[in-house]
file start-v9.txt (compact mmCIF, C-alpha atoms)
# COMPACT_ATOMS: atom_id res chain seq x y z
CA MET A 264 -90.47 111.08 35.83
CA PRO A 265 -92.50 114.23 36.68
CA ALA A 266 -89.65 116.10 38.40
CA GLY A 267 -86.14 115.73 39.73
CA LEU A 268 -82.83 114.48 38.33
CA GLN A 269 -82.48 112.12 35.37
CA ILE A 270 -79.14 111.05 33.86
CA MET A 271 -79.17 109.08 30.61
CA ASN A 272 -76.55 106.81 29.08
CA ALA A 273 -74.85 107.70 25.82
CA ASP A 274 -77.62 105.98 23.82
CA GLY A 275 -80.03 108.71 24.98
CA VAL A 276 -82.60 106.08 26.00
CA THR A 277 -81.25 104.07 28.94
CA VAL A 278 -81.63 105.69 32.35
CA GLN A 279 -78.43 105.61 34.39
CA VAL A 280 -79.60 107.53 37.45
CA ASP A 281 -83.02 108.79 38.51
CA ASP A 282 -85.40 108.47 41.47
CA THR A 283 -86.76 105.08 40.38
CA TYR A 284 -83.63 103.09 39.53
CA ALA A 285 -81.03 101.86 42.03
CA ASN A 286 -77.89 100.19 40.71
CA LEU A 287 -76.14 97.69 43.00
CA ALA A 288 -73.30 99.07 45.12
CA VAL A 289 -70.49 97.58 47.18
CA VAL A 290 -71.75 96.91 50.71
CA GLU A 291 -68.92 94.62 51.85
CA MET A 292 -65.63 93.32 50.53
CA GLY A 293 -62.60 91.61 51.94
CA ALA A 294 -60.95 88.22 52.27
CA ILE A 295 -62.20 85.18 54.15
CA ALA A 296 -60.48 81.90 54.91
CA THR A 297 -62.06 78.56 54.06
CA ASP A 298 -62.87 76.37 57.06
CA THR A 299 -64.38 73.15 55.70
CA PRO A 300 -62.81 70.56 53.39
CA THR A 301 -64.81 69.29 50.42
CA SER A 302 -65.75 65.63 50.52
CA ALA A 303 -63.59 65.01 47.45
CA GLY A 304 -60.54 66.19 49.40
CA GLY A 305 -57.87 68.69 48.45
CA ASN A 306 -60.27 71.64 48.16
CA SER A 307 -62.32 73.57 50.71
CA GLY A 308 -65.10 76.07 51.31
CA VAL A 309 -66.63 78.54 53.73
CA THR A 310 -70.23 79.55 54.49
CA PHE A 311 -71.32 82.79 56.16
CA SER A 312 -74.42 84.99 56.40
CA ARG A 313 -75.33 88.69 56.44
CA SER A 314 -78.55 90.49 57.45
CA GLY A 315 -80.35 93.56 56.14
CA LEU A 316 -79.69 92.87 52.45
CA LYS A 317 -82.20 93.16 49.61
CA ASN A 318 -80.83 91.93 46.28
CA PRO A 319 -77.23 90.85 46.88
CA LEU A 320 -74.75 89.53 44.35
CA ILE A 321 -71.42 88.07 45.42
CA ALA A 322 -68.32 88.14 43.22
CA VAL A 323 -64.92 86.51 43.73
CA ALA A 324 -61.53 87.87 42.69
CA GLY A 325 -57.87 86.97 42.75
CA PRO A 326 -55.66 84.30 41.17
CA GLY A 327 -57.07 81.36 43.16
CA SER A 328 -59.78 79.10 41.71
CA GLN A 329 -63.05 80.13 43.36
CA VAL A 330 -66.81 80.09 42.94
CA ALA A 331 -69.48 81.71 45.15
CA VAL A 332 -73.24 81.54 45.61
CA ALA A 333 -75.82 83.59 47.54
CA TRP A 334 -79.24 82.40 48.71
CA LEU A 335 -82.08 83.89 50.76
CA GLN A 336 -82.17 82.37 54.24
CA ASN A 337 -84.81 84.50 55.98
CA ALA A 338 -86.97 86.93 54.01
CA ALA A 339 -88.38 88.54 57.17
CA ASN A 340 -85.08 90.13 58.18
CA GLY A 341 -83.26 90.02 54.85
CA THR A 342 -80.73 87.41 55.94
CA TRP A 343 -78.71 85.92 53.10
CA GLY A 344 -76.29 83.04 53.11
CA PHE A 345 -73.09 82.95 51.08
CA ASN A 346 -70.83 80.05 50.19
CA ILE A 347 -67.40 80.19 48.59
CA ALA A 348 -65.62 77.08 47.33
CA ALA A 349 -61.91 77.34 46.62
CA GLY A 350 -59.19 75.26 45.07
CA GLY A 351 -57.00 74.72 48.11
CA VAL A 352 -56.88 73.26 51.60
CA VAL A 353 -58.66 74.66 54.67
CA GLY A 354 -57.30 78.14 55.38
CA THR A 355 -57.22 79.24 51.73
CA GLN A 356 -57.86 82.99 51.53
CA CYS A 357 -60.73 84.04 49.21
CA LYS A 358 -61.30 87.61 48.04
CA TYR A 359 -64.97 88.52 47.67
CA ILE A 360 -67.27 91.50 47.09
CA ILE A 361 -70.97 91.74 48.00
CA PHE A 362 -73.10 94.16 45.98
CA ASP A 363 -76.61 95.24 47.04
CA ASN A 364 -79.07 98.13 46.83
CA PRO A 365 -77.51 101.38 48.13
CA PRO A 366 -77.89 101.40 51.93
CA ASP A 367 -80.19 104.07 53.38
CA ALA A 368 -77.69 104.84 56.14
CA GLY A 369 -74.63 106.86 55.32
CA PRO A 370 -73.18 110.34 55.27
CA ASN A 371 -75.66 113.15 54.70
CA TYR A 372 -73.52 114.97 52.18
CA GLY A 373 -72.41 114.71 48.58
CA PHE A 374 -74.46 113.78 45.54
CA GLN A 375 -77.46 111.65 46.54
CA VAL A 376 -80.79 110.81 44.88
CA PHE A 377 -83.92 109.67 46.75
CA ASP A 378 -87.27 108.29 45.65
CA ALA A 379 -90.69 109.61 46.66
CA ASN A 380 -90.55 107.57 49.89
CA GLY A 381 -87.17 108.94 50.92
CA LYS A 382 -85.28 105.75 50.01
CA LYS A 383 -81.82 106.30 48.55
CA THR A 384 -81.42 105.28 44.90
CA PHE A 385 -77.97 106.78 44.32
CA ASP A 386 -75.07 107.91 46.49
CA GLY A 387 -71.95 109.36 44.88
CA SER A 388 -69.80 108.14 47.79
CA LEU A 389 -70.43 104.46 46.95
CA ARG A 390 -68.65 102.11 44.52
CA TYR A 391 -71.06 100.61 42.04
CA LEU A 392 -71.35 97.41 40.04
CA ARG A 393 -69.40 98.01 36.82
CA VAL A 394 -70.23 95.17 34.44
CA VAL A 395 -67.64 94.67 31.71
CA ASP A 396 -69.14 91.58 30.11
CA MET A 397 -71.89 89.01 30.47
CA GLN A 398 -71.09 85.50 29.23
CA LEU A 399 -73.96 83.02 28.88
CA ASN A 400 -73.29 79.28 28.54
CA VAL A 401 -69.57 79.93 28.36
CA PRO A 402 -67.23 76.90 28.13
CA THR A 403 -64.19 76.45 30.33
CA GLY A 404 -61.02 78.19 29.18
CA ASP A 405 -59.67 81.74 29.13
CA LEU A 406 -61.46 85.06 28.60
CA ASN A 407 -59.27 88.08 27.89
CA TYR A 408 -60.00 91.71 28.76
CA PRO A 409 -57.99 94.95 28.62
CA ALA A 410 -54.88 94.85 30.79
CA GLY A 411 -54.24 97.41 33.51
CA ARG A 412 -57.62 96.84 35.19
CA GLN A 413 -58.71 94.65 38.12
CA TYR A 414 -61.54 92.18 37.58
CA ALA A 415 -63.89 89.97 39.59
CA VAL A 416 -66.40 87.33 38.55
CA CYS A 417 -70.01 86.81 39.60
CA HIS A 418 -71.22 83.27 38.88
CA LEU A 419 -74.86 83.77 37.88
CA ARG A 420 -75.33 80.10 37.03
CA PHE A 421 -72.99 77.35 38.13
CA GLY A 422 -71.22 75.32 35.55
CA PHE A 423 -70.79 71.69 36.59
CA ARG A 424 -70.24 68.16 35.42
CA VAL A 425 -71.17 64.92 37.12
CA TRP A 426 -68.97 62.24 35.68
CA ASN A 427 -69.31 58.73 37.06
CA GLN A 428 -66.34 57.54 35.05
CA THR A 429 -64.01 59.63 37.21
CA GLY A 430 -66.24 59.43 40.29
CA PHE A 431 -66.32 63.20 40.84
CA ASN A 432 -68.82 66.03 40.89
CA ASP A 433 -67.01 69.06 39.47
CA VAL A 434 -68.01 72.74 39.52
CA VAL A 435 -66.63 75.51 37.33
CA THR A 436 -64.49 78.05 39.16
CA SER A 437 -62.87 81.28 38.03
CA SER A 438 -59.41 82.70 38.62
CA VAL A 439 -58.25 86.17 37.65
CA SER A 440 -54.73 87.15 36.61
CA GLY A 441 -54.35 90.59 35.05
CA GLY A 442 -56.76 90.80 32.15
CA THR A 443 -57.24 87.03 31.87
CA ILE A 444 -60.11 85.19 33.52
CA SER A 445 -59.70 81.42 33.51
CA LEU A 446 -62.65 79.07 33.98
CA GLY A 447 -61.91 75.48 34.94
CA TYR A 448 -63.26 72.47 36.84
CA MET A 449 -62.75 71.79 40.54
CA HIS A 450 -63.68 68.57 42.38
CA VAL A 451 -66.17 69.10 45.21
CA ASN A 452 -67.53 65.65 46.05
CA THR A 453 -67.57 62.03 44.96
CA VAL A 454 -70.24 60.44 42.80
CA PRO A 455 -70.48 56.66 43.27
CA GLY A 456 -72.12 54.27 40.87
CA SER A 457 -72.26 53.27 37.25
CA PRO A 458 -72.78 53.10 34.31
CA THR A 459 -70.56 55.80 32.95
CA GLN A 460 -72.59 58.98 32.58
CA LEU A 461 -71.82 62.63 32.04
CA ASN A 462 -74.28 65.37 33.02
CA GLN A 463 -72.96 68.83 32.29
CA MET A 464 -73.99 72.50 32.35
CA SER A 465 -72.02 75.53 31.20
CA SER A 466 -71.50 78.64 33.33
CA SER A 467 -73.13 82.04 33.01
CA ILE A 468 -71.06 84.84 34.54
CA LEU A 469 -70.70 88.58 34.94
CA VAL A 470 -67.23 90.03 34.54
CA ILE A 471 -66.90 93.06 36.83
CA ASP A 472 -64.36 95.89 36.81
CA ILE A 473 -63.23 96.51 40.40
CA THR A 474 -60.26 98.77 39.62
CA ASN A 475 -59.51 101.14 42.54
CA TYR A 476 -62.09 99.46 44.80
CA GLY A 477 -59.31 98.70 47.27
CA LEU A 478 -59.68 94.92 47.31

call {"tool": "encode", "arguments": {"input": "start-v9.txt", "output": "structure tokens"}}
result
Amino acid sequence: MPAGLQIMNADGVTVQVDDTYANLAVVEMGAIATDTPTSAGGNSGVTFSRSGLKNPLIAVAGPGSQVAVAWLQNAANGTWGFNIAAGGVVGTQCKYIIFDNPPDAGPNYGFQVFDANGKKTFDGSLRYLRVVDMQLNVPTGDLNYPAGRQYAVCHLRFGFRVWNQTGFNDVVTSSVSGGTISLGYMHVNTVPGSPTQLNQMSSSILVIDITNYGL
């Protein structure tokens, strides 16, 4: 970096803020109701889209069993699709947060950092992705974190099992209660046929601290 601002982490090596690095920030959060039942019955989901995004991640929060995915629908205008599946009937409320590159638009005051092309890489008025933990190939069960904080979960890779013996396709969902994050299976559709067979994949997740984000 030839000139400008550079803030390092405590290790003295990792760059936290400069003109070349943009951490993901909250661009939208709220609650949305499911509107479509799963084919297995008893559970439900909702699909929606947003435009103008670059590298979004979606996280889910709250005590209900939920899992969410994001996918690129139209690269030309940055339209992304999002799907949330929830353990509950149609109308179940799902809390979610979408993180993305800091938006260029915004107030022209406060602490801001821009790159050589005038694109914003940091804005002190935004709420940023605060990763507490990354769990790769984690089994179902409970993960415990310090109490007194609020957490959300980003499902980087879906955990699932396809089990012909029970006739269900199950996905791994997360639920958050205090400092405990519980991962468990939820039925999403039926799987006909035999012989008995189990195909399974563990989850990979980010645990995110969203304390004081207002969700």

call {"tool": "residues_around", "arguments": {"input": "start-v9.txt", "residues": "A:Asn337", "least_positions_apart": "3", "cutoff": "12 Å", "atoms": "all atoms listed in the file", "output": "list in words"}}
result
Ser312, Arg313, Ser314, Gly315, Leu316, Lys317, Trp334, Asn340, Gly341, Thr342, Trp343 and Gly344 of chain A

call {"tool": "closest_residue", "arguments": {"input": "start-v9.txt", "among": "A:Asp386, A:Glu291, A:Asp405, A:Asp281", "to": "A:Ile361", "atoms": "all atoms listed in the file"}}
result
A:Glu291

call {"tool": "atom_distance", "arguments": {"input": "start-v9.txt", "atom1": "atom CA of A:Ile444", "atom2": "atom CA of A:Tyr359"}}
result
15.3 Å

call {"tool": "residues_around", "arguments": {"input": "start-v9.txt", "residues": "stretch 299-308 of chain A", "least_positions_apart": "3", "cutoff": "12 Å", "atoms": "only C-alpha atoms", "output": "ChimeraX atom specification"}}
result
/A:295-296,311,327-332,345-357,429-434,436,448-455

call {"tool": "atom_distance", "arguments": {"input": "start-v9.txt", "atom1": "atom CA of A:Phe362", "atom2": "atom CA of A:Ile321"}}
result
6.3 Å

call {"tool": "closest_residue", "arguments": {"input": "start-v9.txt", "among": "A:Asn371, A:Thr443, A:Phe421, A:Ser465", "to": "A:Pro402", "atoms": "only C-alpha atoms"}}
result
A:Ser465

call {"tool": "closest_residue", "arguments": {"input": "start-v9.txt", "among": "A:Ile270, A:Leu392, A:Ile471, A:Ala324", "to": "A:Ser440", "atoms": "all atoms listed in the file"}}
result
A:Ala324

call {"tool": "residues_around", "arguments": {"input": "start-v9.txt", "residues": "A:Ile468", "least_positions_apart": "4", "cutoff": "6 Å", "atoms": "all atoms listed in the file", "output": "PDB file with C-alpha atoms, in the frame of the given file"}}
result
ATOM      1  CA  MET A 397     -71.890  89.010  30.470  1.00  0.00           C
ATOM      2  CA  GLN A 398     -71.090  85.500  29.230  1.00  0.00           C
ATOM      3  CA  CYS A 417     -70.010  86.810  39.600  1.00  0.00           C
ATOM      4  CA  HIS A 418     -71.220  83.270  38.880  1.00  0.00           C
ATOM      5  CA  LEU A 419     -74.860  83.770  37.880  1.00  0.00           C
TER       6      LEU A 419
END

call {"tool": "atom_distance", "arguments": {"input": "start-v9.txt", "atom1": "atom CA of A:Ala368", "atom2": "atom CA of A:Leu335"}}
result
22.1 Å

call {"tool": "closest_residue", "arguments": {"input": "start-v9.txt", "among": "A:Asn364, A:Asn407, A:Gln375, A:Asn286", "to": "A:Asn318", "atoms": "all atoms listed in the file"}}
result
A:Asn364

call {"tool": "closest_residue", "arguments": {"input": "start-v9.txt", "among": "A:Val290, A:Lys383, A:Val470, A:Ser438", "to": "A:Asp396", "atoms": "all atoms listed in the file"}}
result
A:Val470

call {"tool": "closest_residue", "arguments": {"input": "start-v9.txt", "among": "A:Ala294, A:Val439, A:Val394, A:Met271", "to": "A:Ile360", "atoms": "all atoms listed in the file"}}
result
A:Ala294

call {"tool": "decode", "arguments": {"input": "start-v9.txt", "residues": "stretch 339-355 of chain A", "atoms": "all heavy atoms", "output": "mmCIF file, in the first residue's frame"}}
result
data_model
loop_
_atom_site.group_PDB
_atom_site.id
_atom_site.type_symbol
_atom_site.label_atom_id
_atom_site.label_comp_id
_atom_site.auth_asym_id
_atom_site.auth_seq_id
_atom_site.Cartn_x
_atom_site.Cartn_y
_atom_site.Cartn_z
ATOM 1 N N ALA A 339 -25.587 -10.125 -14.716
ATOM 2 C CA ALA A 339 -25.565 -8.815 -15.375
ATOM 3 C C ALA A 339 -26.018 -7.696 -14.445
ATOM 4 O O ALA A 339 -25.461 -6.599 -14.469
ATOM 5 C CB ALA A 339 -26.441 -8.849 -16.623
ATOM 6 N N ASN A 340 -27.050 -7.953 -13.638
ATOM 7 C CA ASN A 340 -27.524 -6.899 -12.741
ATOM 8 C C ASN A 340 -27.347 -7.264 -11.273
ATOM 9 O O ASN A 340 -27.913 -6.613 -10.402
ATOM 10 C CB ASN A 340 -28.990 -6.555 -13.032
ATOM 11 C CG ASN A 340 -29.927 -7.724 -12.750
ATOM 12 O OD1 ASN A 340 -29.502 -8.778 -12.289
ATOM 13 N ND2 ASN A 340 -31.209 -7.528 -13.029
ATOM 14 N N GLY A 341 -26.555 -8.292 -11.001
ATOM 15 C CA GLY A 341 -26.269 -8.648 -9.613
ATOM 16 C C GLY A 341 -27.480 -9.111 -8.843
ATOM 17 O O GLY A 341 -27.605 -8.823 -7.650
ATOM 18 N N THR A 342 -28.388 -9.838 -9.499
ATOM 19 C CA THR A 342 -29.575 -10.346 -8.825
ATOM 20 C C THR A 342 -29.273 -11.701 -8.195
ATOM 21 O O THR A 342 -28.788 -12.617 -8.866
ATOM 22 C CB THR A 342 -30.755 -10.493 -9.800
ATOM 23 O OG1 THR A 342 -31.067 -9.200 -10.334
ATOM 24 C CG2 THR A 342 -31.982 -11.041 -9.083
ATOM 25 N N TRP A 343 -29.566 -11.810 -6.908
ATOM 26 C CA TRP A 343 -29.349 -13.039 -6.169
ATOM 27 C C TRP A 343 -30.667 -13.562 -5.624
ATOM 28 O O TRP A 343 -31.540 -12.785 -5.224
ATOM 29 C CB TRP A 343 -28.383 -12.797 -5.005
ATOM 30 C CG TRP A 343 -26.960 -12.608 -5.441
ATOM 31 C CD1 TRP A 343 -26.431 -11.502 -6.033
ATOM 32 C CD2 TRP A 343 -25.899 -13.559 -5.339
ATOM 33 N NE1 TRP A 343 -25.098 -11.696 -6.295
ATOM 34 C CE2 TRP A 343 -24.740 -12.950 -5.879
ATOM 35 C CE3 TRP A 343 -25.812 -14.858 -4.832
ATOM 36 C CZ2 TRP A 343 -23.519 -13.604 -5.928
ATOM 37 C CZ3 TRP A 343 -24.591 -15.501 -4.874
ATOM 38 C CH2 TRP A 343 -23.461 -14.893 -5.421
ATOM 39 N N GLY A 344 -30.780 -14.874 -5.610
ATOM 40 C CA GLY A 344 -31.941 -15.509 -5.010
ATOM 41 C C GLY A 344 -31.593 -16.060 -3.645
ATOM 42 O O GLY A 344 -30.449 -16.453 -3.381
ATOM 43 N N PHE A 345 -32.575 -16.076 -2.762
ATOM 44 C CA PHE A 345 -32.391 -16.579 -1.399
ATOM 45 C C PHE A 345 -33.543 -17.509 -1.066
ATOM 46 O O PHE A 345 -34.688 -17.247 -1.435
ATOM 47 C CB PHE A 345 -32.361 -15.424 -0.391
ATOM 48 C CG PHE A 345 -31.272 -14.424 -0.655
ATOM 49 C CD1 PHE A 345 -31.527 -13.296 -1.426
ATOM 50 C CD2 PHE A 345 -30.000 -14.603 -0.145
ATOM 51 C CE1 PHE A 345 -30.533 -12.373 -1.688
ATOM 52 C CE2 PHE A 345 -28.996 -13.683 -0.398
ATOM 53 C CZ PHE A 345 -29.260 -12.565 -1.171
ATOM 54 N N ASN A 346 -33.228 -18.586 -0.384
ATOM 55 C CA ASN A 346 -34.259 -19.509 0.069
ATOM 56 C C ASN A 346 -34.032 -19.829 1.536
ATOM 57 O O ASN A 346 -32.895 -20.106 1.945
ATOM 58 C CB ASN A 346 -34.248 -20.795 -0.751
ATOM 59 C CG ASN A 346 -35.291 -21.799 -0.277
ATOM 60 O OD1 ASN A 346 -35.010 -22.637 0.567
ATOM 61 N ND2 ASN A 346 -36.499 -21.673 -0.803
ATOM 62 N N ILE A 347 -35.103 -19.784 2.309
ATOM 63 C CA ILE A 347 -35.059 -20.163 3.718
ATOM 64 C C ILE A 347 -36.059 -21.279 3.932
ATOM 65 O O ILE A 347 -37.222 -21.169 3.547
ATOM 66 C CB ILE A 347 -35.404 -18.979 4.640
ATOM 67 C CG1 ILE A 347 -34.426 -17.817 4.430
ATOM 68 C CG2 ILE A 347 -35.376 -19.415 6.106
ATOM 69 C CD1 ILE A 347 -34.769 -16.569 5.231
ATOM 70 N N ALA A 348 -35.589 -22.380 4.525
ATOM 71 C CA ALA A 348 -36.475 -23.468 4.926
ATOM 72 C C ALA A 348 -36.574 -23.450 6.445
ATOM 73 O O ALA A 348 -35.577 -23.207 7.139
ATOM 74 C CB ALA A 348 -35.938 -24.809 4.443
ATOM 75 N N ALA A 349 -37.777 -23.693 6.951
ATOM 76 C CA ALA A 349 -38.002 -23.576 8.388
ATOM 77 C C ALA A 349 -38.817 -24.747 8.900
ATOM 78 O O ALA A 349 -39.672 -25.293 8.188
ATOM 79 C CB ALA A 349 -38.714 -22.264 8.718
ATOM 80 N N GLY A 350 -38.557 -25.095 10.136
ATOM 81 C CA GLY A 350 -39.339 -26.130 10.799
ATOM 82 C C GLY A 350 -40.634 -25.550 11.324
ATOM 83 O O GLY A 350 -40.688 -25.010 12.428
ATOM 84 N N GLY A 351 -41.671 -25.615 10.534
ATOM 85 C CA GLY A 351 -42.964 -25.052 10.915
ATOM 86 C C GLY A 351 -43.853 -24.914 9.707
ATOM 87 O O GLY A 351 -43.402 -24.984 8.560
ATOM 88 N N VAL A 352 -45.123 -24.687 9.929
ATOM 89 C CA VAL A 352 -46.096 -24.570 8.846
ATOM 90 C C VAL A 352 -45.936 -23.239 8.133
ATOM 91 O O VAL A 352 -45.181 -22.358 8.567
ATOM 92 C CB VAL A 352 -47.530 -24.708 9.396
ATOM 93 C CG1 VAL A 352 -47.727 -26.081 10.027
ATOM 94 C CG2 VAL A 352 -47.821 -23.598 10.418
ATOM 95 N N VAL A 353 -46.653 -23.098 6.999
ATOM 96 C CA VAL A 353 -46.658 -21.836 6.252
ATOM 97 C C VAL A 353 -47.039 -20.695 7.184
ATOM 98 O O VAL A 353 -47.990 -20.801 7.967
ATOM 99 C CB VAL A 353 -47.641 -21.928 5.070
ATOM 100 C CG1 VAL A 353 -47.883 -20.548 4.456
ATOM 101 C CG2 VAL A 353 -47.109 -22.881 4.026
ATOM 102 N N GLY A 354 -46.293 -19.593 7.095
ATOM 103 C CA GLY A 354 -46.505 -18.454 7.983
ATOM 104 C C GLY A 354 -45.471 -18.368 9.094
ATOM 105 O O GLY A 354 -45.451 -17.391 9.845
ATOM 106 N N THR A 355 -44.594 -19.371 9.194
ATOM 107 C CA THR A 355 -43.531 -19.334 10.195
ATOM 108 C C THR A 355 -42.606 -18.153 9.934
ATOM 109 O O THR A 355 -42.154 -17.934 8.805
ATOM 110 C CB THR A 355 -42.715 -20.646 10.167
ATOM 111 O OG1 THR A 355 -43.578 -21.734 10.512
ATOM 112 C CG2 THR A 355 -41.559 -20.594 11.138
#
